[in-house]
file protein_25.txt (compact mmCIF, C-alpha atoms and all ligand atoms)
# COMPACT_ATOMS: atom_id res chain seq x y z
CA MET J 1 0.00 0.00 0.00
CA GLU J 2 3.04 2.23 0.23
CA ASN J 3 2.66 3.71 -3.22
CA ILE J 4 -0.90 4.77 -2.60
CA SER J 5 -1.07 8.44 -1.65
CA ASP J 6 -3.80 9.92 0.51
CA VAL J 7 -4.66 12.61 -1.97
CA ILE J 8 -3.72 13.58 -5.50
CA ILE J 9 -4.32 17.19 -6.38
CA ILE J 10 -4.71 17.80 -10.08
CA GLY J 11 -3.76 21.34 -11.03
CA SER J 12 -1.31 23.89 -9.70
CA GLY J 13 -3.07 27.23 -9.67
CA PRO J 14 -4.16 28.98 -6.45
CA ALA J 15 -6.81 26.29 -5.75
CA GLY J 16 -4.43 23.36 -6.24
CA TYR J 17 -1.55 24.73 -4.18
CA THR J 18 -3.83 25.95 -1.38
CA ALA J 19 -5.38 22.48 -1.26
CA ALA J 20 -1.83 21.07 -1.07
CA ILE J 21 -0.89 23.36 1.83
CA TYR J 22 -3.95 22.32 3.82
CA ALA J 23 -3.72 18.63 2.89
CA THR J 24 -0.05 18.30 3.89
CA ARG J 25 -0.61 20.22 7.10
CA GLY J 26 -3.53 17.84 7.74
CA ASP J 27 -0.95 15.02 7.54
CA LEU J 28 -2.08 13.65 4.19
CA GLN J 29 0.54 12.19 1.90
CA THR J 30 0.01 14.58 -0.99
CA VAL J 31 0.99 14.54 -4.66
CA VAL J 32 0.34 17.56 -6.88
CA LEU J 33 0.10 16.77 -10.59
CA ALA J 34 0.92 20.24 -11.81
CA GLY J 35 0.30 19.80 -15.54
CA GLN J 36 2.52 20.83 -18.42
CA THR J 37 1.95 24.55 -17.86
CA PRO J 38 2.12 24.78 -14.09
CA GLY J 39 0.90 27.73 -12.08
CA GLY J 40 -2.39 28.27 -13.86
CA GLN J 41 -3.79 31.48 -15.26
CA LEU J 42 -1.71 33.78 -13.03
CA MET J 43 1.39 32.73 -14.96
CA THR J 44 0.17 34.87 -17.86
CA THR J 45 -0.63 37.89 -15.69
CA THR J 46 1.79 40.65 -14.82
CA ASP J 47 0.97 42.65 -11.65
CA VAL J 48 -1.49 41.11 -9.21
CA GLU J 49 -2.74 43.92 -6.99
CA ASN J 50 -5.81 42.34 -5.43
CA PHE J 51 -4.34 39.33 -3.65
CA PRO J 52 -4.41 40.16 0.08
CA GLY J 53 -1.08 40.29 1.86
CA PHE J 54 0.85 42.01 -0.92
CA PRO J 55 0.20 45.74 -0.42
CA GLU J 56 2.68 46.69 -3.18
CA GLY J 57 1.29 44.06 -5.58
CA ILE J 58 3.18 41.03 -6.84
CA LEU J 59 3.89 39.54 -10.26
CA GLY J 60 1.63 36.58 -11.10
CA PRO J 61 4.46 34.06 -11.67
CA GLU J 62 6.21 35.18 -8.46
CA LEU J 63 3.00 34.69 -6.47
CA MET J 64 2.60 31.19 -7.87
CA GLU J 65 6.21 30.33 -7.00
CA LYS J 66 5.45 31.34 -3.40
CA PHE J 67 2.33 29.14 -3.39
CA LYS J 68 4.43 26.22 -4.63
CA GLN J 69 7.23 26.76 -2.10
CA GLN J 70 4.69 26.89 0.71
CA ALA J 71 3.11 23.60 -0.42
CA GLU J 72 6.52 21.92 -0.75
CA ARG J 73 7.63 23.17 2.66
CA PHE J 74 5.05 20.85 4.25
CA GLY J 75 5.93 17.89 2.05
CA ALA J 76 3.76 18.06 -1.07
CA ALA J 77 5.40 16.21 -3.99
CA VAL J 78 4.95 18.34 -7.11
CA LYS J 79 5.18 16.49 -10.43
CA TYR J 80 5.00 18.18 -13.81
CA GLU J 81 2.66 15.71 -15.43
CA SER J 82 -0.77 15.97 -17.02
CA VAL J 83 -3.63 13.66 -16.21
CA GLN J 84 -5.15 11.67 -19.06
CA ASN J 85 -7.89 9.86 -17.18
CA ILE J 86 -9.02 8.47 -13.84
CA GLU J 87 -10.25 4.95 -13.15
CA ILE J 88 -11.88 3.80 -9.96
CA GLY J 89 -10.41 0.55 -8.66
CA ALA J 90 -11.32 -1.85 -5.87
CA GLU J 91 -11.92 -0.37 -2.39
CA LYS J 92 -12.30 3.05 -4.01
CA ILE J 93 -8.64 3.46 -4.87
CA PHE J 94 -8.39 5.96 -7.73
CA LYS J 95 -5.94 5.20 -10.53
CA VAL J 96 -4.80 8.49 -12.00
CA LYS J 97 -3.11 8.02 -15.36
CA THR J 98 -0.56 10.51 -16.66
CA GLU J 99 1.72 10.38 -19.70
CA SER J 100 4.39 8.65 -17.61
CA GLY J 101 2.44 6.17 -15.51
CA ILE J 102 -0.36 5.50 -13.05
CA TYR J 103 -0.64 7.05 -9.59
CA GLU J 104 -2.85 5.40 -6.98
CA THR J 105 -4.63 7.46 -4.37
CA ARG J 106 -7.41 7.31 -1.80
CA SER J 107 -8.85 10.68 -2.77
CA VAL J 108 -8.59 13.27 -5.52
CA ILE J 109 -8.91 17.04 -5.59
CA VAL J 110 -9.61 18.48 -9.03
CA ALA J 111 -8.27 22.02 -9.44
CA THR J 112 -7.58 22.12 -13.15
CA GLY J 113 -9.09 25.56 -13.70
CA ALA J 114 -10.54 26.98 -16.84
CA SER J 115 -8.75 28.44 -19.79
CA ALA J 116 -9.85 31.76 -21.22
CA LYS J 117 -10.75 31.51 -24.86
CA TRP J 118 -8.66 33.76 -27.07
CA LEU J 119 -9.23 35.12 -30.54
CA GLY J 120 -6.18 33.31 -31.87
CA LEU J 121 -4.44 36.34 -33.40
CA GLU J 122 -0.65 36.59 -33.44
CA SER J 123 -0.87 40.21 -32.24
CA GLU J 124 -3.08 39.12 -29.32
CA THR J 125 -0.49 36.61 -28.09
CA ARG J 126 2.36 39.10 -28.52
CA LEU J 127 0.56 41.88 -26.58
CA ARG J 128 -0.86 39.73 -23.77
CA GLY J 129 0.00 41.44 -20.49
CA LYS J 130 0.87 44.58 -22.50
CA GLY J 131 -2.67 45.84 -22.84
CA VAL J 132 -4.37 42.58 -23.82
CA SER J 133 -6.12 40.83 -20.96
CA ALA J 134 -8.94 38.37 -20.27
CA CYS J 135 -9.75 39.68 -16.79
CA ALA J 136 -11.15 43.16 -16.09
CA THR J 137 -11.17 42.63 -12.32
CA CYS J 138 -7.45 41.87 -12.47
CA ASP J 139 -6.29 44.52 -14.93
CA GLY J 140 -9.01 47.20 -15.21
CA PHE J 141 -7.27 49.42 -12.67
CA PHE J 142 -4.37 50.01 -15.09
CA PHE J 143 -6.69 51.83 -17.52
CA LYS J 144 -7.70 54.86 -15.50
CA GLY J 145 -8.88 57.61 -17.86
CA LYS J 146 -8.06 55.49 -20.93
CA LYS J 147 -10.02 53.95 -23.80
CA VAL J 148 -10.51 50.21 -23.89
CA ALA J 149 -12.28 47.64 -26.06
CA VAL J 150 -14.09 44.55 -24.81
CA VAL J 151 -14.46 41.74 -27.33
CA GLY J 152 -17.55 39.52 -27.00
CA GLY J 153 -21.31 39.65 -26.82
CA GLY J 154 -22.09 37.39 -23.86
CA ASP J 155 -22.75 38.15 -20.20
CA SER J 156 -19.01 38.20 -19.47
CA ALA J 157 -18.44 40.93 -22.05
CA MET J 158 -21.31 43.02 -20.62
CA GLU J 159 -20.06 42.56 -17.07
CA GLU J 160 -16.44 43.29 -17.96
CA ALA J 161 -17.48 46.42 -19.90
CA ASN J 162 -19.57 47.76 -17.03
CA TYR J 163 -16.80 47.08 -14.57
CA LEU J 164 -14.23 48.82 -16.78
CA THR J 165 -16.27 52.04 -16.82
CA LYS J 166 -15.15 52.54 -13.22
CA PHE J 167 -11.71 53.32 -14.63
CA ALA J 168 -11.76 53.87 -18.37
CA GLU J 169 -13.22 57.05 -19.89
CA GLN J 170 -14.60 55.10 -22.86
CA VAL J 171 -15.39 51.41 -23.31
CA TYR J 172 -16.21 49.91 -26.73
CA ILE J 173 -17.98 46.55 -26.89
CA LEU J 174 -16.96 44.76 -30.09
CA ALA J 175 -19.60 42.10 -30.71
CA ARG J 176 -19.72 39.92 -33.80
CA GLY J 177 -23.46 39.35 -33.38
CA GLU J 178 -26.26 41.58 -34.63
CA GLN J 179 -28.01 44.23 -32.57
CA ASN J 180 -30.80 42.65 -30.46
CA LYS J 181 -29.36 39.20 -31.15
CA LEU J 182 -26.44 39.11 -28.77
CA ARG J 183 -25.98 36.11 -26.54
CA ALA J 184 -25.93 38.21 -23.35
CA SER J 185 -29.05 38.21 -21.18
CA LYS J 186 -31.39 41.15 -21.78
CA ILE J 187 -30.81 42.61 -18.35
CA MET J 188 -27.04 42.61 -18.71
CA GLN J 189 -27.25 44.13 -22.20
CA GLN J 190 -29.62 46.80 -20.93
CA ARG J 191 -27.24 47.69 -18.15
CA ALA J 192 -24.41 48.15 -20.65
CA LEU J 193 -26.60 50.01 -23.15
CA SER J 194 -27.68 52.53 -20.54
CA ASN J 195 -24.12 53.19 -19.40
CA PRO J 196 -23.03 56.46 -21.07
CA LYS J 197 -19.39 55.39 -21.14
CA ILE J 198 -20.12 52.28 -23.23
CA LYS J 199 -20.49 52.25 -27.01
CA PHE J 200 -21.52 49.11 -28.92
CA PHE J 201 -20.12 47.99 -32.28
CA TYR J 202 -22.25 45.15 -33.72
CA ASN J 203 -21.36 42.78 -36.58
CA THR J 204 -17.78 43.56 -35.73
CA GLU J 205 -14.77 41.29 -35.80
CA VAL J 206 -11.27 42.07 -34.63
CA LYS J 207 -8.72 41.51 -37.41
CA GLU J 208 -5.67 42.60 -35.49
CA ILE J 209 -4.58 44.23 -32.26
CA LEU J 210 -2.32 47.16 -33.02
CA GLY J 211 0.82 48.23 -31.18
CA ASP J 212 4.50 47.27 -30.89
CA ASP J 213 5.29 47.15 -27.17
CA LYS J 214 1.80 48.01 -25.95
CA VAL J 215 -1.69 48.16 -27.33
CA SER J 216 -2.46 51.27 -29.38
CA GLY J 217 -5.65 50.18 -31.13
CA VAL J 218 -7.62 47.47 -32.90
CA LYS J 219 -8.24 46.84 -36.58
CA ILE J 220 -11.88 45.92 -36.96
CA VAL J 221 -14.08 44.83 -39.82
CA ASP J 222 -17.80 45.48 -40.15
CA LYS J 223 -19.09 42.12 -41.39
CA LYS J 224 -22.11 43.67 -43.12
CA THR J 225 -20.28 46.30 -45.15
CA ASN J 226 -16.77 44.75 -45.10
CA ASP J 227 -15.45 48.18 -44.08
CA ILE J 228 -12.15 47.96 -42.25
CA SER J 229 -11.17 50.64 -39.74
CA ASP J 230 -8.77 51.30 -36.88
CA LEU J 231 -10.11 52.12 -33.43
CA LYS J 232 -7.74 53.81 -31.00
CA VAL J 233 -7.67 52.04 -27.63
CA ASP J 234 -5.11 51.47 -24.87
CA GLY J 235 -6.40 48.08 -23.80
CA VAL J 236 -8.28 45.09 -25.19
CA PHE J 237 -10.25 42.76 -22.94
CA VAL J 238 -11.14 39.48 -24.58
CA ALA J 239 -14.36 38.15 -23.01
CA ILE J 240 -15.48 35.37 -25.33
CA GLY J 241 -15.85 32.67 -22.71
CA HIS J 242 -13.80 30.09 -20.84
CA ASN J 243 -13.33 26.36 -21.23
CA PRO J 244 -13.18 24.36 -17.99
CA ASN J 245 -10.39 21.79 -18.16
CA THR J 246 -12.47 18.69 -17.51
CA THR J 247 -12.37 16.47 -20.61
CA PHE J 248 -10.35 13.82 -18.74
CA LEU J 249 -13.20 13.50 -16.19
CA LYS J 250 -16.07 12.68 -18.55
CA GLY J 251 -18.23 9.96 -17.03
CA ILE J 252 -16.52 10.19 -13.64
CA VAL J 253 -18.20 13.26 -12.09
CA ASP J 254 -21.33 15.25 -12.96
CA MET J 255 -20.78 18.39 -14.99
CA ASP J 256 -23.06 21.11 -16.34
CA GLU J 257 -23.67 21.55 -20.06
CA LYS J 258 -20.50 23.65 -20.43
CA GLY J 259 -18.29 21.10 -18.67
CA TYR J 260 -18.00 22.86 -15.28
CA ILE J 261 -17.98 20.33 -12.43
CA LYS J 262 -21.11 20.33 -10.30
CA ILE J 263 -20.62 20.81 -6.56
CA TYR J 264 -23.10 19.17 -4.24
CA ASP J 265 -22.00 20.04 -0.73
CA GLY J 266 -18.93 22.04 0.31
CA SER J 267 -16.49 20.82 -2.32
CA ARG J 268 -17.99 17.37 -2.91
CA THR J 269 -18.65 16.13 -6.43
CA SER J 270 -21.07 13.40 -7.52
CA GLN J 271 -18.25 10.87 -6.97
CA SER J 272 -17.39 10.29 -3.31
CA GLY J 273 -13.67 10.75 -2.75
CA ILE J 274 -13.33 13.33 -5.53
CA PHE J 275 -13.39 16.96 -4.43
CA VAL J 276 -13.12 20.14 -6.42
CA GLY J 277 -11.86 23.70 -6.07
CA GLY J 278 -11.34 26.78 -8.21
CA ASP J 279 -12.45 27.91 -11.65
CA VAL J 280 -13.12 24.37 -12.87
CA ALA J 281 -16.30 24.56 -10.79
CA ASP J 282 -16.86 28.31 -10.80
CA TYR J 283 -17.55 30.41 -13.89
CA HIS J 284 -18.75 33.34 -11.83
CA TYR J 285 -16.08 34.65 -9.44
CA ARG J 286 -12.93 33.32 -11.15
CA GLN J 287 -10.48 35.08 -8.81
CA ALA J 288 -7.23 33.77 -7.35
CA ILE J 289 -8.46 34.45 -3.84
CA THR J 290 -11.81 32.68 -4.34
CA ALA J 291 -10.04 29.73 -5.99
CA ALA J 292 -7.63 29.55 -3.04
CA GLY J 293 -10.58 29.51 -0.63
CA MET J 294 -12.20 26.70 -2.58
CA GLY J 295 -8.92 24.76 -2.54
CA CYS J 296 -8.84 25.05 1.25
CA ARG J 297 -12.39 23.68 1.49
CA ALA J 298 -11.53 20.77 -0.82
CA ALA J 299 -8.55 19.76 1.33
CA MET J 300 -10.59 19.97 4.54
CA ASP J 301 -13.33 17.84 2.97
CA ALA J 302 -10.77 15.29 1.75
CA ILE J 303 -9.23 15.07 5.23
CA ASN J 304 -12.68 14.51 6.70
CA TYR J 305 -13.56 11.88 4.07
CA LEU J 306 -10.36 9.91 4.74
CA ASP J 307 -10.86 10.16 8.53
CA GLN J 308 -14.34 8.69 8.18
CA LYS J 309 -13.10 5.88 5.93
CA SER J 310 -10.26 4.75 8.20
P1 LIG P 401 -20.72 32.94 -23.69
O1 LIG P 401 -20.33 31.64 -24.31
O2 LIG P 401 -22.07 33.11 -23.13
O3 LIG P 401 -20.55 34.11 -24.79
C1 LIG P 401 -19.40 34.20 -25.56
C2 LIG P 401 -19.50 35.43 -26.46
O4 LIG P 401 -18.27 35.57 -27.13
C3 LIG P 401 -20.59 35.34 -27.52
O5 LIG P 401 -21.12 36.61 -27.73
C4 LIG P 401 -19.81 34.87 -28.75
O6 LIG P 401 -20.36 35.33 -29.95
C5 LIG P 401 -18.49 35.56 -28.54
N1 LIG P 401 -17.41 34.87 -29.19
C6 LIG P 401 -17.05 33.58 -29.07
N2 LIG P 401 -15.97 33.31 -29.82
C7 LIG P 401 -15.66 34.47 -30.44
C8 LIG P 401 -14.64 34.84 -31.35
N3 LIG P 401 -13.71 33.97 -31.77
N4 LIG P 401 -14.61 36.12 -31.79
C9 LIG P 401 -15.53 37.01 -31.35
N5 LIG P 401 -16.51 36.73 -30.50
C10 LIG P 401 -16.57 35.46 -30.04
O7 LIG P 401 -19.56 33.22 -22.62
P2 LIG P 401 -19.56 34.18 -21.35
O8 LIG P 401 -18.20 34.09 -20.78
O9 LIG P 401 -20.06 35.51 -21.69
O10 LIG P 401 -20.59 33.51 -20.32
C11 LIG P 401 -20.37 32.17 -19.87
C12 LIG P 401 -21.48 31.80 -18.88
O11 LIG P 401 -21.32 32.55 -17.69
C13 LIG P 401 -22.87 32.13 -19.42
O12 LIG P 401 -23.75 31.14 -18.99
C14 LIG P 401 -23.19 33.45 -18.76
O13 LIG P 401 -24.57 33.69 -18.62
C15 LIG P 401 -22.49 33.28 -17.41
N6 LIG P 401 -22.14 34.59 -16.84
C16 LIG P 401 -23.03 35.18 -16.01
C17 LIG P 401 -22.76 36.42 -15.47
C18 LIG P 401 -23.74 37.04 -14.55
O14 LIG P 401 -24.85 36.54 -14.45
N7 LIG P 401 -23.39 38.09 -13.87
C19 LIG P 401 -21.50 37.14 -15.76
C20 LIG P 401 -20.65 36.43 -16.67
C21 LIG P 401 -20.98 35.21 -17.19
P3 LIG P 401 -21.50 34.53 -30.72
O15 LIG P 401 -22.74 34.68 -29.90
O16 LIG P 401 -21.53 35.22 -32.03
O17 LIG P 401 -21.04 33.10 -30.81

call {"tool": "encode", "arguments": {"input": "protein_25.txt", "output": "structure tokens"}}
result
Amino acid sequence: MENISDVIIIGSGPAGYTAAIYATRGDLQTVVLAGQTPGGQLMTTTDVENFPGFPEGILGPELMEKFKQQAERFGAAVKYESVQNIEIGAEKIFKVKTESGIYETRSVIVATGASAKWLGLESETRLRGKGVSACATCDGFFFKGKKVAVVGGGDSAMEEANYLTKFAEQVYILARGEQNKLRASKIMQQRALSNPKIKFFYNTEVKEILGDDKVSGVKIVDKKTNDISDLKVDGVFVAIGHNPNTTFLKGIVDMDEKGYIKIYDGSRTSQSGIFVGGDVADYHYRQAITAAGMGCRAAMDAINYLDQKS
């Protein structure tokens, strides 16, 4: 039984590492399967100014390194492997398969997060963190008195645009859908429409994000007229949805229609022994601090589950 760990934590963002800190301090033998791009979404962020305890702010990758060090200090074994699938063996021992082998464990915490969808433009990748962002709550503050564009026509785009008007002097919503046919709920659209700082562009696609070292504008095309124009902005917020990273869990735990894991009680999933924390089960708050809190709950629930089993 020596190779069977108490808990395997899948994912290494704020939820995963916080779960690891609590699990190890709860005396669980803990393995973190960190994935091929460890650290989660904060690795692609620059300054994090809203994580409590860092009054001067901290760089995203530096914050994640601190999370990792804290987890390792108490004995978490961090492995840079990605999970391919999970099987449930006899006596509820989970077999977690990665590209290099199978790990056995008595419980699992899923903290694989969600990945922001991007437009897929070369200029978008190049200017990410230099005016291109997928999180208004994280980066809106840097655009005080500036002009920004929000790409998307769903509730996220409406919410991000409204939030950005706290800082920016002008917010453009660039939606590819037609007027009155956007995906956003009516109430959220109405809120954005009645905000004097927000201007809508419908039938509009972004061809390119302009700027060398930082964003200076967007090249847009009107899909009805095929007119191409440049819009001067200092920031571009891409709000076209997120994909929860759950494909490896199909058939193992209940998910909603978008693939987010359903939580039943605390951090419990439909499968006893599998717990969840962070954005993989939360499309609403999506913050490092809320993910960390959920990771803490998952570890406490796993400790309790294992106590009851033994
Ligand atoms: P959605 O999937 O609802 O909307 C995505 C939007 O992005 C659509 O307008 C879509 O356009 C557009 N889009 C997708 N791909 C591209 C692309 N390549 N280029 C340009 N535009 C693109 O995602 P959301 O993140 O907005 O919402 C996810 C869920 O979260 C929803 O259920 C939503 O209701 C919920 N939510 C609720 C909030 C609240 O209640 N406060 C706040 C935020 C989200 P098209 O329609 O043309 O495909």

call {"tool": "residues_around", "arguments": {"input": "protein_25.txt", "residues": "J:Lys309", "least_positions_apart": "4", "cutoff": "12 Å", "atoms": "only C-alpha atoms", "output": "JSON, numbers by chain"}}
result
{"J": [6, 91, 92, 93, 106, 107, 272, 273, 302, 303, 304, 305]}

call {"tool": "closest_residue", "arguments": {"input": "protein_25.txt", "among": "J:Ile9, J:Val218, J:Ala192, J:Ala184", "to": "ligand LIG 401 (chain P)", "atoms": "all atoms listed in the file"}}
result
J:Ala184

call {"tool": "atom_distance", "arguments": {"input": "protein_25.txt", "atom1": "atom CA of J:Glu159", "atom2": "atom CA of J:Met64"}}
result
27.0 Å

call {"tool": "closest_residue", "arguments": {"input": "protein_25.txt", "among": "J:Arg176, J:His242, J:Lys144, J:Arg297", "to": "J:Tyr260", "atoms": "only C-alpha atoms"}}
result
J:His242

call {"tool": "residues_near_ligand", "arguments": {"input": "protein_25.txt", "ligand": "ligand LIG 401 (chain P)", "cutoff": "7 Å", "atoms": "only C-alpha atoms and all ligand atoms", "output": "list in words"}}
result
Trp118, Leu119, Val151, Gly152, Gly153, Gly154, Asp155, Ser156, Ala157, Glu159, Ala175, Arg176, Gly177, Leu182, Arg183, Ala184, Ser185, Glu205, Ala239, Ile240, Gly241, His242, Tyr283 and His284 of chain J

call {"tool": "closest_residue", "arguments": {"input": "protein_25.txt", "among": "J:Ile10, J:Val233, J:Ala71, J:Val96", "to": "J:Gly145", "atoms": "all atoms listed in the file"}}
result
J:Val233

call {"tool": "closest_atom_pairs", "arguments": {"input": "protein_25.txt", "of": "stretch 68-101 of chain J", "to": "stretch 31-41 of chain J", "cutoff": "12 Å", "atoms": "all atoms listed in the file", "output": "CSV"}}
result
residue,atom,partner,partner_atom,distance
J:Lys68,CA,J:Gly39,CA,8.4
J:Gln69,CA,J:Gly39,CA,11.9
J:Ala71,CA,J:Val32,CA,9.3
J:Glu72,CA,J:Val32,CA,9.7
J:Phe74,CA,J:Val31,CA,11.6
J:Gly75,CA,J:Val31,CA,9.0
J:Ala76,CA,J:Val31,CA,5.7
J:Ala77,CA,J:Val31,CA,4.8
J:Val78,CA,J:Val32,CA,4.7
J:Lys79,CA,J:Leu33,CA,5.1
J:Tyr80,CA,J:Ala34,CA,5.0
J:Glu81,CA,J:Gly35,CA,4.7
J:Ser82,CA,J:Gly35,CA,4.2
J:Val83,CA,J:Gly35,CA,7.3
J:Gln84,CA,J:Gly35,CA,10.4
J:Val96,CA,J:Leu33,CA,9.7
J:Lys97,CA,J:Leu33,CA,10.5
J:Thr98,CA,J:Leu33,CA,8.7
J:Glu99,CA,J:Gly35,CA,10.4
J:Ser100,CA,J:Leu33,CA,11.6
J:Gly101,CA,J:Leu33,CA,11.9

call {"tool": "write_last_selection", "arguments": {"input": "protein_25.txt", "atoms": "C-alpha atoms", "output": "compact mmCIF listing (two decimals), in the coordinates of the input"}}
result
# COMPACT_ATOMS: atom_id res chain seq x y z
CA LYS J 68 4.43 26.22 -4.63
CA GLN J 69 7.23 26.76 -2.10
CA ALA J 71 3.11 23.60 -0.42
CA GLU J 72 6.52 21.92 -0.75
CA PHE J 74 5.05 20.85 4.25
CA GLY J 75 5.93 17.89 2.05
CA ALA J 76 3.76 18.06 -1.07
CA ALA J 77 5.40 16.21 -3.99
CA VAL J 78 4.95 18.34 -7.11
CA LYS J 79 5.18 16.49 -10.43
CA TYR J 80 5.00 18.18 -13.81
CA GLU J 81 2.66 15.71 -15.43
CA SER J 82 -0.77 15.97 -17.02
CA VAL J 83 -3.63 13.66 -16.21
CA GLN J 84 -5.15 11.67 -19.06
CA VAL J 96 -4.80 8.49 -12.00
CA LYS J 97 -3.11 8.02 -15.36
CA THR J 98 -0.56 10.51 -16.66
CA GLU J 99 1.72 10.38 -19.70
CA SER J 100 4.39 8.65 -17.61
CA GLY J 101 2.44 6.17 -15.51

call {"tool": "residues_around", "arguments": {"input": "protein_25.txt", "residues": "J:Asp213", "least_positions_apart": "4", "cutoff": "10 Å", "atoms": "all atoms listed in the file", "output": "PDB file with C-alpha atoms, in the coordinates of the input"}}
result
ATOM      1  CA  ARG J 126       2.360  39.100 -28.520  1.00  0.00           C
ATOM      2  CA  LEU J 127       0.560  41.880 -26.580  1.00  0.00           C
ATOM      3  CA  LYS J 130       0.870  44.580 -22.500  1.00  0.00           C
ATOM      4  CA  GLY J 131      -2.670  45.840 -22.840  1.00  0.00           C
TER       5      GLY J 131
END

call {"tool": "residues_around", "arguments": {"input": "protein_25.txt", "residues": "J:Gly266", "least_positions_apart": "2", "cutoff": "8 Å", "atoms": "all atoms listed in the file", "output": "VMD selection string"}}
result
chain J and resid 263 to 264 268 297 to 298 301

call {"tool": "residues_around", "arguments": {"input": "protein_25.txt", "residues": "J:Ser5", "least_positions_apart": "3", "cutoff": "9 Å", "atoms": "all atoms listed in the file", "output": "list in words"}}
result
Met1, Glu2, Ile8, Leu28, Gln29, Thr30, Val31, Tyr103, Glu104, Thr105, Arg106 and Ser107 of chain J

call {"tool": "closest_residue", "arguments": {"input": "protein_25.txt", "among": "J:Ile187, J:Leu210, J:Met158, J:Val221", "to": "J:Thr125", "atoms": "all atoms listed in the file"}}
result
J:Leu210

call {"tool": "atom_distance", "arguments": {"input": "protein_25.txt", "atom1": "atom CA of J:Lys258", "atom2": "atom CA of J:Tyr172"}}
result
27.3 Å

call {"tool": "residues_around", "arguments": {"input": "protein_25.txt", "residues": "J:Lys207", "least_positions_apart": "6", "cutoff": "10 Å", "atoms": "all atoms listed in the file", "output": "list in words"}}
result
Leu119, Leu121, Ser123, Val218, Lys219, Ile220, Val221, Ile228, Ser229 and Asp230 of chain J

call {"tool": "closest_residue", "arguments": {"input": "protein_25.txt", "among": "J:Leu249, J:Met43, J:Val132, J:Met294", "to": "J:Ala20", "atoms": "all atoms listed in the file"}}
result
J:Met294
